[in-house]
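J.: Take a look at the following structure, please.
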Amino acid sequence: RKEVEQDPGPFNVPEGATVAFNCTYSNSASQSFFWYRQDCRKEPKLLMSVYSSGNEDGRFTAQLNRASQYISLLIRDSKLSDSATYLCVVNYLMIKAAGNKLTFGGGTRVLVKP
Amino acid sequence: NAGVTQTPKFQVLKTGQSMTLQCAQDMNHNSMYWYRQDPGMGLRLIYYSASEGTTDKGEVPNGYNVSRLNKREFSLRLESAAPSQTSVYFCASSEIEGPGDTQYFGPGTRLTVL
């Protein structure tokens, strides 16, 4: 079983619609959670961190469910420019000085269409 | 600020050839990382350097070596390339080694081994 699992999609979304997708993680000792965005043939970039209480950044809302070990991302009022692959990223508790090691999911592809 | 830079952008090697991928960051970050990204696999950590002078293995270190030349530069070497090393390689850096710290990625090197 992969440590971080995502539905690869693609999620085909009409422009202006809402799309949501989840990511599950297997290690209950996970500390920090993030969503990264990756455009085609580009590098990943941090979209947002995910906090226990849930957090919002404009049209993007991230939530964490520790009991069920998943995080979610919701995109409201989708724009064409939201088309990308969204990577779920988890940081596990590590011994200090062992580095900030992240575990990446395989990504969920979102295609926003006119 | 150029951020994280990588060279070369593209490379084609024959089986058995060697090469070094270069990475540099100008953000005065302490930690640096090398990942590979294969379709459907997500990013996997090859090696990392928590701070200048230290390097450690990640999830998939076999067939690779690294050098943290100084605080700015972190190189990845393939001594004898194999077709299984065909991938996109990303270098990343983060300011500190804390669990919540953002990693910044370079643009990637697309490597094909024939």
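A note on labels: chains of the structure tokens are A, B, ... as shown, every chain counts residues from 1, and ligands are counted from 1 in their shown order.
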List every residue of chain A that DSSP, applied to the backbone of this structure, places in strand (DSSP E or B), and write the result as JSON, numbers by chain.
T.: {"A": [4, 5, 6, 11, 12, 13, 14, 19, 20, 21, 22, 23, 24, 25, 30, 31, 32, 33, 34, 35, 36, 37, 38, 44, 45, 46, 47, 48, 49, 50, 55, 56, 57, 60, 61, 62, 63, 64, 65, 70, 71, 72, 73, 74, 75, 84, 85, 86, 87, 88, 89, 90, 91, 92, 102, 103, 104, 108, 109, 110, 111, 112, 113]}
J.: Export, as a PDB file, in the first residue's frame, the selected residues with C-alpha atoms.
T.:
```pdb
ATOM      1  CA  VAL A   4       0.056   8.579   0.337  1.00  0.00           C
ATOM      2  CA  GLU A   5      -2.684   7.713  -2.145  1.00  0.00           C
ATOM      3  CA  GLN A   6      -4.604   9.891  -4.542  1.00  0.00           C
ATOM      4  CA  PHE A  11     -11.375  15.285 -12.971  1.00  0.00           C
ATOM      5  CA  ASN A  12     -13.060  17.078 -15.866  1.00  0.00           C
ATOM      6  CA  VAL A  13     -14.625  20.228 -14.458  1.00  0.00           C
ATOM      7  CA  PRO A  14     -16.770  22.829 -16.229  1.00  0.00           C
ATOM      8  CA  VAL A  19     -14.430  20.225  -7.618  1.00  0.00           C
ATOM      9  CA  ALA A  20     -13.179  18.362  -4.578  1.00  0.00           C
ATOM     10  CA  PHE A  21     -10.866  15.431  -4.123  1.00  0.00           C
ATOM     11  CA  ASN A  22      -9.188  13.584  -1.304  1.00  0.00           C
ATOM     12  CA  CYS A  23      -5.901  12.060  -0.398  1.00  0.00           C
ATOM     13  CA  THR A  24      -5.386   9.278   2.137  1.00  0.00           C
ATOM     14  CA  TYR A  25      -2.242   8.654   4.155  1.00  0.00           C
ATOM     15  CA  SER A  30       2.130  12.262  10.153  1.00  0.00           C
ATOM     16  CA  GLN A  31       2.803  15.804  11.283  1.00  0.00           C
ATOM     17  CA  SER A  32       2.327  18.223   8.461  1.00  0.00           C
ATOM     18  CA  PHE A  33       0.223  18.218   5.330  1.00  0.00           C
ATOM     19  CA  PHE A  34       0.378  20.220   2.132  1.00  0.00           C
ATOM     20  CA  TRP A  35      -1.091  20.567  -1.296  1.00  0.00           C
ATOM     21  CA  TYR A  36       1.368  21.294  -4.085  1.00  0.00           C
ATOM     22  CA  ARG A  37       0.377  22.211  -7.606  1.00  0.00           C
ATOM     23  CA  GLN A  38       2.275  20.969 -10.642  1.00  0.00           C
ATOM     24  CA  PRO A  44       5.814  21.414  -8.103  1.00  0.00           C
ATOM     25  CA  LYS A  45       4.927  24.571  -6.199  1.00  0.00           C
ATOM     26  CA  LEU A  46       3.325  24.907  -2.805  1.00  0.00           C
ATOM     27  CA  LEU A  47      -0.381  25.681  -3.086  1.00  0.00           C
ATOM     28  CA  MET A  48      -1.248  25.629   0.602  1.00  0.00           C
ATOM     29  CA  SER A  49      -0.543  24.017   3.914  1.00  0.00           C
ATOM     30  CA  VAL A  50      -3.325  22.058   5.575  1.00  0.00           C
ATOM     31  CA  ASN A  55      -8.074  26.532   6.065  1.00  0.00           C
ATOM     32  CA  GLU A  56      -9.087  28.590   3.096  1.00  0.00           C
ATOM     33  CA  ASP A  57      -7.076  30.563   0.576  1.00  0.00           C
ATOM     34  CA  PHE A  60      -9.258  26.886  -2.335  1.00  0.00           C
ATOM     35  CA  THR A  61     -10.255  25.109   0.868  1.00  0.00           C
ATOM     36  CA  ALA A  62      -8.194  22.380   2.497  1.00  0.00           C
ATOM     37  CA  GLN A  63      -9.330  20.123   5.288  1.00  0.00           C
ATOM     38  CA  LEU A  64      -7.672  17.489   7.423  1.00  0.00           C
ATOM     39  CA  ASN A  65      -9.399  14.500   8.994  1.00  0.00           C
ATOM     40  CA  TYR A  70      -7.263  11.904   4.810  1.00  0.00           C
ATOM     41  CA  ILE A  71      -6.945  15.449   3.572  1.00  0.00           C
ATOM     42  CA  SER A  72      -9.106  17.138   1.003  1.00  0.00           C
ATOM     43  CA  LEU A  73      -8.902  20.025  -1.415  1.00  0.00           C
ATOM     44  CA  LEU A  74     -11.914  21.896  -2.723  1.00  0.00           C
ATOM     45  CA  ILE A  75     -11.742  24.389  -5.562  1.00  0.00           C
ATOM     46  CA  ALA A  84      -3.009  21.176 -13.210  1.00  0.00           C
ATOM     47  CA  THR A  85      -1.985  18.160 -11.192  1.00  0.00           C
ATOM     48  CA  TYR A  86      -2.473  18.556  -7.454  1.00  0.00           C
ATOM     49  CA  LEU A  87       0.004  16.689  -5.282  1.00  0.00           C
ATOM     50  CA  CYS A  88      -0.846  15.651  -1.750  1.00  0.00           C
ATOM     51  CA  VAL A  89       2.228  15.839   0.463  1.00  0.00           C
ATOM     52  CA  VAL A  90       2.756  14.510   3.960  1.00  0.00           C
ATOM     53  CA  ASN A  91       5.593  15.087   6.382  1.00  0.00           C
ATOM     54  CA  TYR A  92       6.338  12.409   8.937  1.00  0.00           C
ATOM     55  CA  LEU A 102       8.203  14.846   2.443  1.00  0.00           C
ATOM     56  CA  THR A 103       6.204  11.963   1.008  1.00  0.00           C
ATOM     57  CA  PHE A 104       4.312  12.743  -2.161  1.00  0.00           C
ATOM     58  CA  THR A 108      -4.739  14.201  -9.024  1.00  0.00           C
ATOM     59  CA  ARG A 109      -5.127  15.715 -12.458  1.00  0.00           C
ATOM     60  CA  VAL A 110      -7.767  18.411 -12.858  1.00  0.00           C
ATOM     61  CA  LEU A 111      -8.905  19.663 -16.263  1.00  0.00           C
ATOM     62  CA  VAL A 112     -11.116  22.738 -16.282  1.00  0.00           C
ATOM     63  CA  LYS A 113     -12.993  23.131 -19.543  1.00  0.00           C
TER      64      LYS A 113
END
```
J.: Near Thr54 (chain B), counting only C-alpha atoms, which residues have an atom at most 9 Å away, once you skip same-chain residues fewer than 6 positions from it, shown as a ChimeraX atom specification?
T.: /B:48,67-68
J.: Filtering to N, CA, C and O atoms, could you give me those residues as a compact mmCIF listing (two decimals), in the first residue's frame?
T.:
```
# COMPACT_ATOMS: atom_id res chain seq x y z
N TYR B 48 19.20 13.42 0.31
CA TYR B 48 19.00 14.76 0.81
C TYR B 48 20.21 15.17 1.64
O TYR B 48 21.02 14.34 2.06
N SER B 67 26.86 15.02 -3.80
CA SER B 67 27.88 15.84 -3.14
C SER B 67 27.26 17.16 -2.77
O SER B 67 26.67 17.83 -3.63
N ARG B 68 27.36 17.54 -1.49
CA ARG B 68 26.96 18.88 -1.08
C ARG B 68 28.23 19.71 -1.11
O ARG B 68 29.00 19.76 -0.16
```
J.: Counting only C-alpha atoms, which residues in chain B sit no more than 9 Å from chain A? For each one, give the nearest pair of atoms and the distance in Å, sorted by chain then residue number, as a tab-separated table.
T.:
```
residue	atom	partner	partner_atom	distance
B:Ser31	CA	A:Gly99	CA	6.9
B:Met32	CA	A:Gly99	CA	8.7
B:Tyr33	CA	A:Lys101	CA	8.7
B:Pro39	CA	A:Gly106	CA	8.1
B:Gly40	CA	A:Gly106	CA	5.4
B:Met41	CA	A:Gly106	CA	5.2
B:Gly42	CA	A:Gly106	CA	3.9
B:Leu43	CA	A:Phe104	CA	5.7
B:Arg44	CA	A:Phe104	CA	7.2
B:Leu45	CA	A:Lys101	CA	8.0
B:Tyr48	CA	A:Gly99	CA	7.4
B:Ser49	CA	A:Gly99	CA	7.0
B:Ala50	CA	A:Gly99	CA	4.6
B:Ser51	CA	A:Gly99	CA	8.1
B:Asp56	CA	A:Ala98	CA	8.1
B:Gly58	CA	A:Lys101	CA	8.5
B:Phe90	CA	A:Glu43	CA	7.4
B:Ser94	CA	A:Asn100	CA	7.8
B:Ile96	CA	A:Asn100	CA	7.6
B:Glu97	CA	A:Asn100	CA	4.7
B:Gly98	CA	A:Asn100	CA	5.7
B:Pro99	CA	A:Asn100	CA	5.5
B:Gly100	CA	A:Ser32	CA	5.9
B:Asp101	CA	A:Asn100	CA	7.3
B:Thr102	CA	A:Leu46	CA	7.1
B:Gln103	CA	A:Leu46	CA	7.7
B:Tyr104	CA	A:Lys45	CA	6.9
B:Phe105	CA	A:Glu43	CA	6.0
B:Gly106	CA	A:Glu43	CA	6.4
B:Pro107	CA	A:Glu43	CA	5.2
B:Gly108	CA	A:Glu43	CA	6.5
```
